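Enquirer: Below you will find the structure I want to go over with you.
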Amino acid sequence: MTAKKSMQDVKVVILGGSGFLGEYFHHYLQSIQAEPVVISRSRPCFNCTWHEMSNIELLKNQLEHISPMLIINCAAIASHEKCEAHPEKAFSVNAYLPSVLARWCNFHRIKFIQISSDSVFSGSDKFPFSETSDVSPIGIYAQSKMKGEKLVMLNSAESIICRTNFLVGIEGVKGLYTSFTIT
Ligand SMILES: NC(=O)c1ccc[n+]([C@@H]2O[C@H](COP(=O)([O-])OP(=O)(O)OC[C@H]3O[C@@H](n4cnc5c(N)ncnc54)[C@H](OP(=O)(O)O)[C@@H]3O)[C@@H](O)[C@H]2O)c1
């Protein structure tokens with residue numbers, strides 16, 4: 001008989017849980033009896049607000065307190081326009097945050113999943129793509145996501161990086177949240 005590990009009671013932190021994908025993860029994990037804890041900027045639940053990038057220590061403290069077995073990072077500046085308008089912030093949220101999380105997970109020997117984007121490819125590259133295909137990101141969003149990927153791999157080679165295409169779905173109900181902001 002194959003030993004299939006159950007997700008029941010597995011504590012999973014989802015960052016960016018107020019976002020489109022984060023909310024889906026939240027509901028999916030609930031549906032399989034995992035124990036999702038959402039960390040989100042705009043929907044507080046543990047009376048905790050993270051306003052400054054310097055407050056990354058606060059996020060780490062939260063993570064220590066929650067003690068998850070897996071972190072899924074859906075937090076990002078996903079708007080290309082916002083990234084072009086605020087490149088520093090784009091790199092801070094899309095590259096620096098994932099690198100900090102990956103390092104934290106590596107140190108604590110827990111799994112880390114970083115959500116990235118197929119926009120690391122320019123669009124003129126040859127199909128089909130593989131994990132080892134050359135990347136050629138165009139624009140700040142794509143460049144910041146690619147930088148995030150590189151820093152994640154550098155800080156935790158065991159991490160999983162998922163490059164998604166357009167996300168499609170409907171919006172659902174919001175649930176258990178704690179809150180943070182990266183400025
Ligand atoms: N949407 C797509 O079609 C698509 C395609 C390819 C890849 N992706 C990737 O998939 C992931 C999820 O995307 P999504 O569409 O779910 O994005 P989204 O709906 O825009 O959600 C982004 C999340 O990040 C949080 N966030 C944004 N800026 C922040 C900041 N400065 N500090 C802290 N949190 C911040 C948002 O919090 P607030 O709610 O408080 O703003 C929200 O929870 C991202 O990594 C994105 O790059 C998305």
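Residue names in the structure tokens use chain letters A, B, ... in the order shown, residue numbers from 1 in each chain, and ligand numbers from 1 in the order shown.
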If the limit is 6 Å from any atom of ligand 1, counting only C-alpha atoms and all ligand atoms, which residues qualify? Return them as a list of chain:residue names.
Expert: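 Those within range of ligand 1 are A:Gly16, A:Gly17, A:Ser18, A:Gly19, A:Phe20, A:Leu21, A:Gly22, A:Ser40, A:Arg41, A:Ser42, A:Cys74, A:Ala75, A:Ala76, A:Ile77, A:Ala78, A:Val93, A:Ile115, A:Ser116, A:Ser117, A:Thr164, A:Asn165, A:Phe166, A:Leu167, A:Phe180, A:Thr181, A:Ile182, A:Thr183.
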Enquirer: With only C-alpha atoms as the counted atoms, please give the residues lying no more than 6 Å from Val120 (chain A), apart from itself and same-chain residues fewer than 2 positions off, as a list in words.
Expert: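 Once the adjacent positions are removed, what remains is Asp118, Val135, Ser136, Pro137, Ala142 and Met146 of chain A.
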Enquirer: Could you tell me how far CA of Ala90 (chain A) sits from CA of Tyr141 (chain A), in Å to one decimal place?
Expert: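 Value for the CA of Tyr141 (chain A)-CA of Ala90 (chain A) distance: 6.8 Å.
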Enquirer: For the strand (DSSP E or B) assignment from backbone DSSP, which residues of chain A qualify? Please present them as a count of residues only.
Expert: 30
Enquirer: Set the distance at 8 Å and use only C-alpha atoms: which residues neighbour Glu158 (chain A) once local chain neighbours fewer than 3 positions away are removed? I'd like the list as a list in words.
Expert: Asn106, Lys111, Phe112 and Met153 of chain A
Enquirer: Generate the output file for the selected residues, C-alpha atoms, as a PDB file, in the first residue's frame.
Expert:
```pdb
ATOM      1  CA  ASN A 106      15.443  26.862   4.935  1.00  0.00           C
ATOM      2  CA  LYS A 111       8.756  23.712   2.700  1.00  0.00           C
ATOM      3  CA  PHE A 112       8.370  26.954   0.781  1.00  0.00           C
ATOM      4  CA  MET A 153      16.724  29.315  -5.170  1.00  0.00           C
TER       5      MET A 153
END
```
Enquirer: Find the spatial neighbours of Ala34 (chain A), counting only C-alpha atoms, within a cut-off of 12 Å - ignore same-chain residues fewer than 6 positions away - and output them as a PyMOL selection string.
Expert: chain A and resi 5-14+25-28+68-70
Enquirer: Return as a VMD selection string the full set of residues in region 77-157 of chain A whose backbone-based DSSP assignment is helix (DSSP H, G or I).
Expert: chain A and resid 80 to 85 87 to 108 118 to 120 139 to 155
Enquirer: Take CA of Val38 (chain A) and CA of Tyr24 (chain A) and report the distance between them in Å, one decimal.
Expert: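 About the pair CA of Val38 (chain A) and CA of Tyr24 (chain A): they are 11.3 Å apart.
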Enquirer: Kindly give the distance, in Å, that separates CA of Gln114 (chain A) and CA of Arg163 (chain A), rounded to a single decimal.
Expert: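 Value for the CA of Gln114 (chain A)-CA of Arg163 (chain A) distance: 8.7 Å.
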Enquirer: Between A:Asn73, A:Ser156, A:Ser92, A:Ser124, which one has atoms that come closest to Trp104 (chain A), using only C-alpha atoms?
Expert: A:Ser156
